[in-house]
Every structure is written in structure tokens, then in C-alpha cells.
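Presented below is the structure to which this report refers.
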Amino acid sequence: MFDSLKALPADPILGLGAKYKKDTNPKKIDLGVGVYKDEAGNTPVLNCVKKAEQHRLTTEMSKAYISPGGSPLFNTEMAKLIFGADHNVLAQDRARVISTPGGTGALRVAGEFIKSCKAGTTIWISNPTWANHIGVFTAAGLNVKTYPYYDYDNKTLDFDGMLNAFKNVGSDDVVLLHACCHNPSGMDLNKEQWQQVADVAKTVGFTPLLDMAYQGFGTDLDEDAYGLRLMADAVEEMIICSSCSKNFGLYRERIGACTIIGKSSTAVDLAHSVLLYNARVIYSMPPAHGAAIVETILTSEELREEWYGELKDMRDRISDNRNLIVEKLIENGVTQDFSHISRQSGMFSFLGLTPEQVQQLQDDYSIYLIGSSRMSIAGYSKDNVDYLAQSIAKVL
Ligand code: LMR
């Protein structure tokens, strides 16, 4: 049976990491995968996470199964983190959250849920988007279409193109929006634009799916959820996929959440029963450890404060790195305008290099970017930014 298979290339993001590991050049720089690194190039375990794990070690009484929905406490705390404690959808009891294996698990179970609502549903994703969105929703049997999003020439948002494309979206379709820190462009909607998109969603009647993988990496936890909360106020039904990989640094623990908002408490209970079934047939139930860490942090005033501080440190370093590379490129005689990197937000921006220039950076300077020239902003430090800027100047 296996003879019929054709070999597939390595994932463009994860495959790059494997190449980087093999490179013996001491000057190598990994700007590929979206994983936070500190000034020393490490991805440390947060102190609040260490403490929560210690607490878990002494208090955990059983490794028995949980349930397809995961930890109820984690789910309640995630709802408050996503919407803010006072949001209408919580007061109206119209949201249900399940714990998922990471943000990707949330997307996959959301895809399956959408298929349960209507087989062959069209989901509109931004062009560009996180490459795995296409794979995940295609695997769930959805029909994937794209809407314009990033204006590569002007290095800004193609908002007119986006709104124009929404004219072709049907009321039964789903539109995926990045809640903040757009991956891969770093280009987010402003508040007025969110309002306009929410108005269109209301008028057309499509279901928004908000992917929030980077809450807290842009401006702060509340500002980053601004568009999501606005949209949740505007529409009757919505899906949210969130991740604790980046903001809690829990990448390998695989913990995220899939949230659905329904028209009423009764309607969302019915939908929730389907979502639980969807989870059961894909992975049965989510891992528990990451959820236990997150709920411990979010329910302890002390650990929560420590988390806010550690999250701010990560966010500030990324923001400083954005300004740093722009300055260093100018210092190294680059005349092209890279100021968009300072104006954008979150983990990524496009350098705007050709695939050949990206390859040359890898071959000649051991600097690793994915082919689109998406740069993971946390991947360099004050120690190697000069080498990075000089190398970019050379390939330009
Ligand atoms: C990325 O975009 O680099 C991250 O979301 C990691 C991944 O799984 O691709």
C-alpha cells in the first residue's frame, strides 16, 4: 500500500530549522520558525511556568483521562483572557471553550466543526497567511479561498482589496482573520478597519474565525484582542482559535483553545456537543500538562503578575529588535526603505527580498529565512545584528 505514496518535501518552516541545526558556521542566525529567543539566543522556560510546574508536581493526584473538552478551569480562564472578564458574550453565556493540542489543534478541530455545520464550506484566508492554514483546512475537507491582504509594493495593508473581496463571500462562508500580529506580514488592522470588517461580517452574515496565536506579543493582552472583542460583539456566531505556545512559552506542551460563540446559551450548548465529538474523533482529548500550568498562573495573583512582566519583556525585546534592524540597515548604507518593520507588530515582518536573495543569505552567510523573506524578529540580538545588516546589505 505504501508504494503508492509520493515523498513530500519537508515543511517550509520546520524543515528550515533542521537545516540550521546542521550548519556549523558559528555566525549562523535562525530567522525562520516563530519561536521567541532572548538576547543569548535561548528560548527559556518562563519563571512563572517553572513555579506553576513545581506547584503541579506536588498537587497533581492523578493521570486519569480528562475529557474531550479538557480542563474546565483552563477553559474558564481562557474565556476571560480572550474576551476580558466583562464581555457581553460571557454575560450572555454564549461562549464555550475547549482545550486543544496547541493552536494548530484548535484550527484542526475548528475545521472539522465547520465541516459538521456544512460539508464543503468555503473558508477565506488572507493572502499571505501562515502556510499551515491551507494544509489544516484542506485536510478538514474545506474549500480554501484567499482574499488580498498585504500590499507587497507599499509594504502595508491592502484594505480596499480585502473589503472588495468580501463582496464575493457568501453568508455560509467562513472568513479567517488574524486577531493580532499577522503571521507572516506583521501588518494588523487598525481600530477603524476592524469596525468596517465587523460591519461587513454583520451585513453579509459570514462566520468569522479569529486566529489568535500571539495575544500579548503586539501591544498588550487587551489591545491585541481589540478586534476580536469588537467582532464578538457584532456577530451572532463566531469561532476563535487561540494558542498558549508563544505568550506562555509553552511551545512543546501543545496547549491552545477552540472557542465558539452561539446565538444563545442553548444554541451554543448544542454546537458545543458537536465540537466535543469533533475533538473525540480526532485526538480524543487534549494533553493536560500545559493547561494545568496556564490555569495555575492565571488563578494566582502572584504568578499572573509575574507572567505579565515576563510577557512584556518578550514583547519589548521584539519591538526593540524591530527598530534596531531598521537603524543598522541604514548604518550599513542600505538605501531601500525598511521602516515598515518598525511600524509592524508581532513576531514577523517581510524583508521584501527575492527568493534568490534569501537563498544567498543562507548559502553565503548562514542566515536562515523562509523563501517569502519572512523574518522572525526575535531571532537576532545586539551581538549579531551588525552581521545580519551587513549580510542583507551585501545581497541587496
Ligand atoms: C511559525 O509560523 O513559524 C510558527 O507558527 C511555528 C509553526 O508551527 O509554523
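Residues are named by chain letter and number: chains run A, B, ... in the order of the C-alpha cells, numbers start at 1 in each chain, and ligands are numbered from 1 in the order shown.
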For ligand 1, list the contacting residues at 6 Å or closer, counting only C-alpha atoms and all ligand atoms, as a ChimeraX atom specification. /A:13,33-34,130
Could those residues be written to a file, using N, CA and C atoms, as a tab-separated table (two decimals), in the first residue's frame?
chain	number	residue	atom	x	y	z
A	13	ILE	N	8.69	25.77	7.03
A	13	ILE	CA	9.16	26.44	8.25
A	13	ILE	C	9.98	25.47	9.10
A	33	VAL	N	11.65	29.85	12.15
A	33	VAL	CA	10.45	29.50	12.91
A	33	VAL	C	10.08	30.59	13.93
A	34	GLY	N	8.79	30.74	14.15
A	34	GLY	CA	8.31	31.75	15.09
A	34	GLY	C	8.39	31.28	16.53
A	130	TRP	N	-0.30	32.24	7.38
A	130	TRP	CA	0.55	31.16	7.90
A	130	TRP	C	0.35	29.96	6.97
Could you pull out the residues in region 63-273 of chain A that DSSP calls strand (DSSP E or B) from the backbone, as an NGL selection string? :A and (95-100 or 122-127 or 143-148 or 150-151 or 156-157 or 174-178 or 207-212 or 238-243 or 256-261)
Any idea what's packed within 12 Å of Ser273 (chain A), counting only C-alpha atoms, ignoring anything in its chain fewer than 3 positions away? Could you give it as a PyMOL selection string? chain A and resi 68-69+96-98+113+116+260+266-270+276-280
With C-alpha atoms kept, could you save the residues just selected as a compact mmCIF listing (two decimals), in the first residue's frame?
# COMPACT_ATOMS: atom_id res chain seq x y z
CA PRO A 68 -12.55 15.79 25.11
CA GLY A 69 -13.13 19.35 26.35
CA ARG A 96 -17.94 27.63 25.04
CA VAL A 97 -14.23 26.84 25.17
CA ILE A 98 -12.43 23.54 24.77
CA PHE A 113 -16.60 21.56 13.32
CA SER A 116 -20.08 19.29 10.61
CA ILE A 260 -17.31 29.01 19.82
CA THR A 266 -28.99 26.82 24.31
CA ALA A 267 -27.75 27.08 20.72
CA VAL A 268 -24.10 27.15 21.80
CA ASP A 269 -24.64 24.13 24.07
CA LEU A 270 -25.83 22.17 21.06
CA LEU A 276 -16.66 17.77 21.69
CA TYR A 277 -17.49 14.96 19.26
CA ASN A 278 -15.13 16.51 16.68
CA ALA A 279 -12.32 16.51 19.26
CA ARG A 280 -13.11 12.94 20.34
Please list as a ChimeraX atom specification every residue within 9 Å of Ser319 (chain A), counting only C-alpha atoms and excluding residues in the same chain fewer than 6 positions away. /A:218,342,345-346,377
Point-to-point distance in Å for CA of Lys37 (chain A) and CA of Ala288 (chain A):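 Going from CA of Ala288 (chain A) over to CA of Lys37 (chain A), I get 25.4 Å.
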Could you tell me, as number ranges by chain, which residues of region 18-183 of chain A DSSP assigns to alpha helix (DSSP H) when given the backbone? A: 18-22, 47-59, 72-83, 88-91, 102-117, 131-139, 159-165
For Ala393 (chain A), which of A:Cys117, A:Ile66, A:Ile325, A:Leu73 is the closest residue, counting only C-alpha atoms?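 For Ala393 (chain A), the nearest of the given residues is A:Ile325.
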Pick from A:Gly170, A:Gly249, A:Gly111, A:Gly161 nearest to Ala139 (chain A), counting only C-alpha atoms: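 That would be A:Gly111, the residue with the smallest distance to Ala139 (chain A).
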Spatial neighbours of region 103-105 of chain A, max dist 12 Å, only C-alpha atoms, sep filter under 4 positions, as an MDAnalysis selection string: chainID A and resid 98:99 109:112 130:137 140 210:215 240:247 250:259 278:279 282:287
Computed interatomic separation between CA of Gly70 (chain A) and CA of Asp173 (chain A) (Å): 28.3 Å
Using only C-alpha atoms, which of the listed residues (A:Thr138, A:Asp383, A:Gln195, A:Leu107) sits closest to Leu176 (chain A)?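 That would be A:Leu107, the residue with the smallest distance to Leu176 (chain A).
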Between A:Val281, A:Ala40, A:Leu396, A:Leu298, which has the minimum distance to Gln336 (chain A) (counting only C-alpha atoms)? A:Leu396
Atomic distance CA of Asn384 (chain A) - CA of Lys312 (chain A), expressed in Å with one decimal: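 One can read the CA of Asn384 (chain A) to CA of Lys312 (chain A) distance as 22.7 Å.
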So that I can see what lies close to Ala378 (chain A), please list as a list of chain:residue names the residues with an atom at most 9 Å from it, counting only C-alpha atoms and leaving out residues fewer than 3 positions away in the same chain.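 Result of the neighbour search: A:Leu31, A:Gly34, A:Val35, A:Tyr36, A:Lys37, A:Asp38, A:Glu39, A:Gly41, A:Met314, A:Arg317, A:Ile318, A:Asn321, A:Arg322, A:Met347, A:Phe348, A:Met375, A:Ser381.
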N, CA and C atoms of the current selection, written as a PDB file, in the first residue's frame:
ATOM      1  N   LEU A  31      16.326  32.885  11.502  1.00  0.00           N
ATOM      2  CA  LEU A  31      15.204  33.830  11.456  1.00  0.00           C
ATOM      3  C   LEU A  31      13.958  33.141  10.899  1.00  0.00           C
ATOM      4  N   GLY A  34       8.793  30.744  14.152  1.00  0.00           N
ATOM      5  CA  GLY A  34       8.308  31.754  15.088  1.00  0.00           C
ATOM      6  C   GLY A  34       8.395  31.279  16.527  1.00  0.00           C
ATOM      7  N   VAL A  35       9.595  31.281  17.051  1.00  0.00           N
ATOM      8  CA  VAL A  35       9.824  30.895  18.444  1.00  0.00           C
ATOM      9  C   VAL A  35      10.607  32.036  19.089  1.00  0.00           C
ATOM     10  N   TYR A  36      10.144  32.531  20.216  1.00  0.00           N
ATOM     11  CA  TYR A  36      10.823  33.649  20.882  1.00  0.00           C
ATOM     12  C   TYR A  36      12.213  33.235  21.344  1.00  0.00           C
ATOM     13  N   LYS A  37      13.186  34.123  21.111  1.00  0.00           N
ATOM     14  CA  LYS A  37      14.531  33.887  21.651  1.00  0.00           C
ATOM     15  C   LYS A  37      14.974  35.128  22.412  1.00  0.00           C
ATOM     16  N   ASP A  38      15.735  34.916  23.480  1.00  0.00           N
ATOM     17  CA  ASP A  38      16.236  36.059  24.249  1.00  0.00           C
ATOM     18  C   ASP A  38      17.543  36.547  23.630  1.00  0.00           C
ATOM     19  N   GLU A  39      18.197  37.535  24.278  1.00  0.00           N
ATOM     20  CA  GLU A  39      19.425  38.120  23.728  1.00  0.00           C
ATOM     21  C   GLU A  39      20.524  37.072  23.536  1.00  0.00           C
ATOM     22  N   GLY A  41      19.990  34.087  22.575  1.00  0.00           N
ATOM     23  CA  GLY A  41      19.573  33.123  21.551  1.00  0.00           C
ATOM     24  C   GLY A  41      18.854  31.908  22.125  1.00  0.00           C
ATOM     25  N   MET A 314       9.311  39.993  26.723  1.00  0.00           N
ATOM     26  CA  MET A 314       9.416  39.390  25.374  1.00  0.00           C
ATOM     27  C   MET A 314       8.945  40.387  24.325  1.00  0.00           C
ATOM     28  N   ARG A 317      11.392  43.274  23.814  1.00  0.00           N
ATOM     29  CA  ARG A 317      12.602  42.906  23.065  1.00  0.00           C
ATOM     30  C   ARG A 317      12.303  42.838  21.565  1.00  0.00           C
ATOM     31  N   ILE A 318      11.147  42.271  21.229  1.00  0.00           N
ATOM     32  CA  ILE A 318      10.781  42.181  19.813  1.00  0.00           C
ATOM     33  C   ILE A 318      10.642  43.590  19.224  1.00  0.00           C
ATOM     34  N   ASN A 321      13.992  45.129  18.783  1.00  0.00           N
ATOM     35  CA  ASN A 321      14.687  44.499  17.653  1.00  0.00           C
ATOM     36  C   ASN A 321      14.196  45.045  16.318  1.00  0.00           C
ATOM     37  N   ARG A 322      12.914  45.383  16.265  1.00  0.00           N
ATOM     38  CA  ARG A 322      12.357  45.953  15.025  1.00  0.00           C
ATOM     39  C   ARG A 322      13.086  47.265  14.694  1.00  0.00           C
ATOM     40  N   MET A 347       5.681  38.911  15.837  1.00  0.00           N
ATOM     41  CA  MET A 347       6.885  38.102  15.656  1.00  0.00           C
ATOM     42  C   MET A 347       7.542  38.246  14.278  1.00  0.00           C
ATOM     43  N   PHE A 348       6.767  38.687  13.272  1.00  0.00           N
ATOM     44  CA  PHE A 348       7.293  38.620  11.903  1.00  0.00           C
ATOM     45  C   PHE A 348       7.114  39.904  11.111  1.00  0.00           C
ATOM     46  N   MET A 375      10.801  37.272   8.224  1.00  0.00           N
ATOM     47  CA  MET A 375      11.882  37.265   9.211  1.00  0.00           C
ATOM     48  C   MET A 375      11.292  37.141  10.613  1.00  0.00           C
ATOM     49  N   SER A 381      20.096  39.403  17.782  1.00  0.00           N
ATOM     50  CA  SER A 381      20.341  40.131  19.037  1.00  0.00           C
ATOM     51  C   SER A 381      21.296  41.299  18.763  1.00  0.00           C
TER      52      SER A 381
END
